[in-house]
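Contents: one structure, followed by commentary.
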Amino acid sequence: MKNICGLFFAGLIIAVIYSCSSDSNSATTDALADPMKNRGIGPVSSVSTGTLDHTLAATGKSIFESKCTACHKIEVKHVGPALNGVTERRTPEWIMNMILNPTEMTQKDPIAKDLLATYMAPMANQNLTQDEARAVLEFFRSNDNN
Amino acid sequence: MKPISIIKVPFNVGIFGILFALGAFTGCNNNGSKHETILGGGDVASEVYVAPGKYDDFYLFASGGFSGQVGVYGLPSGRLFRVIPVFSQNAENGWGYSEETKPMLQTSHGFIPWGDSHHPVLSKTDGNANGKWLFINENNTPRIARINLKTFNTDEIIEIPNSGGNHPSPYCTENTEYLVAGTRFSVPIENKDVPISSYKENFKGAISLVKVDPESGKMSVAVQIICPPFDYDKNRAGKGVSRDWTFFTCYNSEQANTMLEATASQNDKDFILAVNWKKAEEYLNAGKAKDFKVNYYHNYMDESKQTAFSEIMTSVKTLEPKDCPGMLYYMPCPKSPHGVDVNPTGEYIAAGGKLAALIPVYSYDKMIKAISGQQFDGEIEGIPVLKYDAVIAGEVQKPGLGPLHTEFDDKGYGYTSFFLTSEIVKWKIGTWEVVDRIPTYYSIGHLCIPGGDSKNPYGKYVIALNKITKDRYLPTGPEVCQSAQLIDITGEKMKLLLDFPTIGEPHYAQACPASLLTGNATKIYKLEENNHPYAVKNEKEGRVERKGNEVHIYMTMIRSHFAPDNIEGVKVGDVVYCHVTNLEQDWDVPHGFAIKGANNAELLIMPGETRTLKWEPKEAGVVPFYCSDFCSALHQEMQGYIRVSDKNSNVPVSFRLGE
């Protein structure tokens, strides 16, 4: 009885693993191939970024300084990656989702998973509102002249 | 708790799982009939089983008794979630050690590191738990604490003056208008140096009404009624029809002051003191109360400043029974009364007599009629004594020995604990007949039905809160664990489901549906709302300042470093205050702060919170500090150094991070 059960369980588990891994493999390949197509996972599905809003960027700078600088510097790698040029390597949606939804991102998003594996420190959820995350994005844009 | 359903898992796994499970049971069923009993005789295991990751149905708040704290458990699992520090210092998180929390344990006798917590009571609206606060009394140095049920932290502690042994407390009225306090040990009022043998002449028993602000929950001693020097023991407020009243038991009507075990058990009957708190309020508002000079402490946590403050109160209002007709009545109660409990409608008041062999149940309606008909049996110091026969509704005959406490279900039954015969007895309101009984292991004190003191009990379980466990658990030396027992009361016969160990002594407990609290739980303290005077909101503000021989270290913590983490310029003889702010803004990311050789405690700091540890370095050298609460993969790297120099050294104050 136990052997038969064991076989079925093993089969089931293998099937599950196979289907999961094949899905995530293809997703990984696509997303890593062109990060500027990856919007990440989270509450933000689309962001319109028009002309740079300097007031919003200034707000974002002060939020960044109070909530983010313990781990991120602009110019150099600190606990987390340097953020110079981040708007050139990531979509606005991905940036905001990484700020707002870091736990799920570092579990499921291929780029975020790679970052966790590289830095070995979890991206902290600092409980920013969506508006605050948008302001931080604007600060990154202003920093990148983007 | 619903029984777990195997059917709910996917079909294939379910069938094979069942076969597999049957195989497994068959495989290990050779050594006795245990499994047969569990599987065949009603699956009690599944009735208390809460699957991994699933929530319990009820919160149980159990007093820690002589631990001075409150334990938070889940029902039906009996799992302990948290110990809320209340009256005792708690080195584990710095309660009563950190500069912010030390004021909470101040009293008119100075700082007191320990308390004896007895009766947790949930705040109520219209006679039902409202999920705002939990109150608990301290027996030894009379106090009442208020716990915030959003944060599960103690937010306020008020001292009760003119009292010795605050036992009949805090028991709130129907809408939490008042809490009560009483004195188990009558004392001289005002307290002074008199012969103990002058008890009858010099001692008094103060009954206090403690006002609760409906919005903030803040407590204040509204009035003290100066009663005859009996031992005021237990209380329960009326509800529904009896909502304006609150009932105290008292023993030692003999007014003995030595060998009470024998001398205070002479009279066949002691009393229940019925207090019309509405009348007391009227007399108070009419200016009948006197100002009595006495110092007592009121300590409260300022949520915005995250810091506790103490204020010293210097006077209290007092009322004399003889000046206040209609406010107090004594009802005779047999054999060293203890518990007094009011049924859900408020009509019946059941008492327990520690040496009694019956349960007297009083009728509120009869009490009111007896008062208006002046059916008195004399009076004591201006307090009329009502005739026993005029107020009694019925007696539960031969229930057991030593009835203590009664809680009620939603089907018209009372459940009374019996200390001497170690059992719970179920009886019917109205017929007063015993319908069921179940042994407890051992020597039950209080018992708890979720909502069992409210207008709407959840008559699913009764929890036995036992005084002795003896042989129930693996032995752990002379001191063995304390325990509670979960008993199903949904059927005709009570059914024991689970024994579970508790912290301290589970003196009394109250329970409420989990859904009343889960939606309100605070997860983090928002940094924007942290107005602690020594908070630093970002790493750039981290610094060290010297003021004479005081050194203030303003430090931040986030996974996984302190800022600053290298500090120099501290000298032997300095008093160092480490003000540490946790910059995290995510749930369940506290950090710890521990300094080698600190003579007080560590700090456990919640996200967005600031806490301060006072440290007085005694010798020159380098002292490491670190995070004691595992926070990330690089938790072990979360560390720093403080250089301590000789008293006369010239090392300047400096601080660094990552340079």
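As shown in the structure tokens, the chain order sets the letters A, B, ...; within each chain, residues go from 1, and ligands are also counted from 1 in the order they appear.
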Inset, instruction - Write out as a count of residues only every residue belonging to chain A that has an atom at most 6 Å from any atom of chain B, counting only C-alpha atoms. - result: 5
Legend entry - Residue neighbourhood Arg656 in chain B, 12 Å, only C-alpha atoms, exclusion window fewer than 4 positions, as a list in words: Glu539, Lys540, Glu541, Gly542, Arg543, Val544, Ile553, Met555, Phe562, Ala563, Pro564, Asp565, Asn566, Ile567, Glu568, Gly640, Tyr641 and Ile642 of chain B
How would the residues just chosen look if you wrote them out with C-alpha atoms as a PDB file, in the first residue's frame?
ATOM      1  CA  GLU B 539      20.609  57.648   8.981  1.00  0.00           C
ATOM      2  CA  LYS B 540      21.945  61.118   8.186  1.00  0.00           C
ATOM      3  CA  GLU B 541      20.614  62.327  11.540  1.00  0.00           C
ATOM      4  CA  GLY B 542      22.395  59.603  13.507  1.00  0.00           C
ATOM      5  CA  ARG B 543      24.871  61.274  15.887  1.00  0.00           C
ATOM      6  CA  VAL B 544      26.476  61.366  19.304  1.00  0.00           C
ATOM      7  CA  ILE B 553      23.679  58.318  21.100  1.00  0.00           C
ATOM      8  CA  MET B 555      21.112  55.609  16.457  1.00  0.00           C
ATOM      9  CA  PHE B 562      23.194  50.261  12.989  1.00  0.00           C
ATOM     10  CA  ALA B 563      23.991  53.891  12.154  1.00  0.00           C
ATOM     11  CA  PRO B 564      26.368  54.939  13.544  1.00  0.00           C
ATOM     12  CA  ASP B 565      28.079  51.667  14.426  1.00  0.00           C
ATOM     13  CA  ASN B 566      31.520  52.911  15.497  1.00  0.00           C
ATOM     14  CA  ILE B 567      31.396  55.307  18.413  1.00  0.00           C
ATOM     15  CA  GLU B 568      34.321  56.829  20.282  1.00  0.00           C
ATOM     16  CA  GLY B 640      28.985  47.747  16.290  1.00  0.00           C
ATOM     17  CA  TYR B 641      31.578  48.969  18.774  1.00  0.00           C
ATOM     18  CA  ILE B 642      31.713  51.653  21.423  1.00  0.00           C
TER      19      ILE B 642
END
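Using only C-alpha atoms, the shortest contact distance between Ser48 in chain A and any of A:Arg134, A:Cys68, A:Phe139, A:Ser62 is found at A:Arg134.
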Leaving out Gln485 in chain B and any residue of its chain fewer than 5 positions from it, which residues lie within 8 Å of it when counting only C-alpha atoms, given as a short mmCIF file (atom, residue, chain, number, x, y, z; two decimals) with C-alpha atoms, in the first residue's frame?
data_model
loop_
_atom_site.label_atom_id
_atom_site.label_comp_id
_atom_site.auth_asym_id
_atom_site.auth_seq_id
_atom_site.Cartn_x
_atom_site.Cartn_y
_atom_site.Cartn_z
CA THR B 440 -10.86 19.12 36.36
CA ILE B 463 -11.92 26.84 30.08
CA ALA B 464 -10.91 25.51 33.48
CA LEU B 465 -8.17 27.62 35.07
CA ASN B 466 -6.48 25.25 37.45
CA LEU B 496 -12.70 17.49 27.92
CA LEU B 497 -10.81 18.39 24.75
CA LEU B 498 -7.38 19.66 25.74
CA ASP B 499 -4.94 20.42 28.54
CA PHE B 500 -2.56 23.27 27.79
#
Inset, instruction - Have a look at CA of Pro334 in chain B and CA of Ser265 in chain B and let me know their distance in Å, one decimal. - result: 10.2 Å
Inset, instruction - Pick out the residues sitting within 7 Å of range 299-316 of chain B, and hand them over as a ChimeraX atom specification; count only C-alpha atoms, and ignore anything fewer than 5 positions along from it in its own chain. - result: /B:100-101,103-104,155-158,223,291-294,529-533
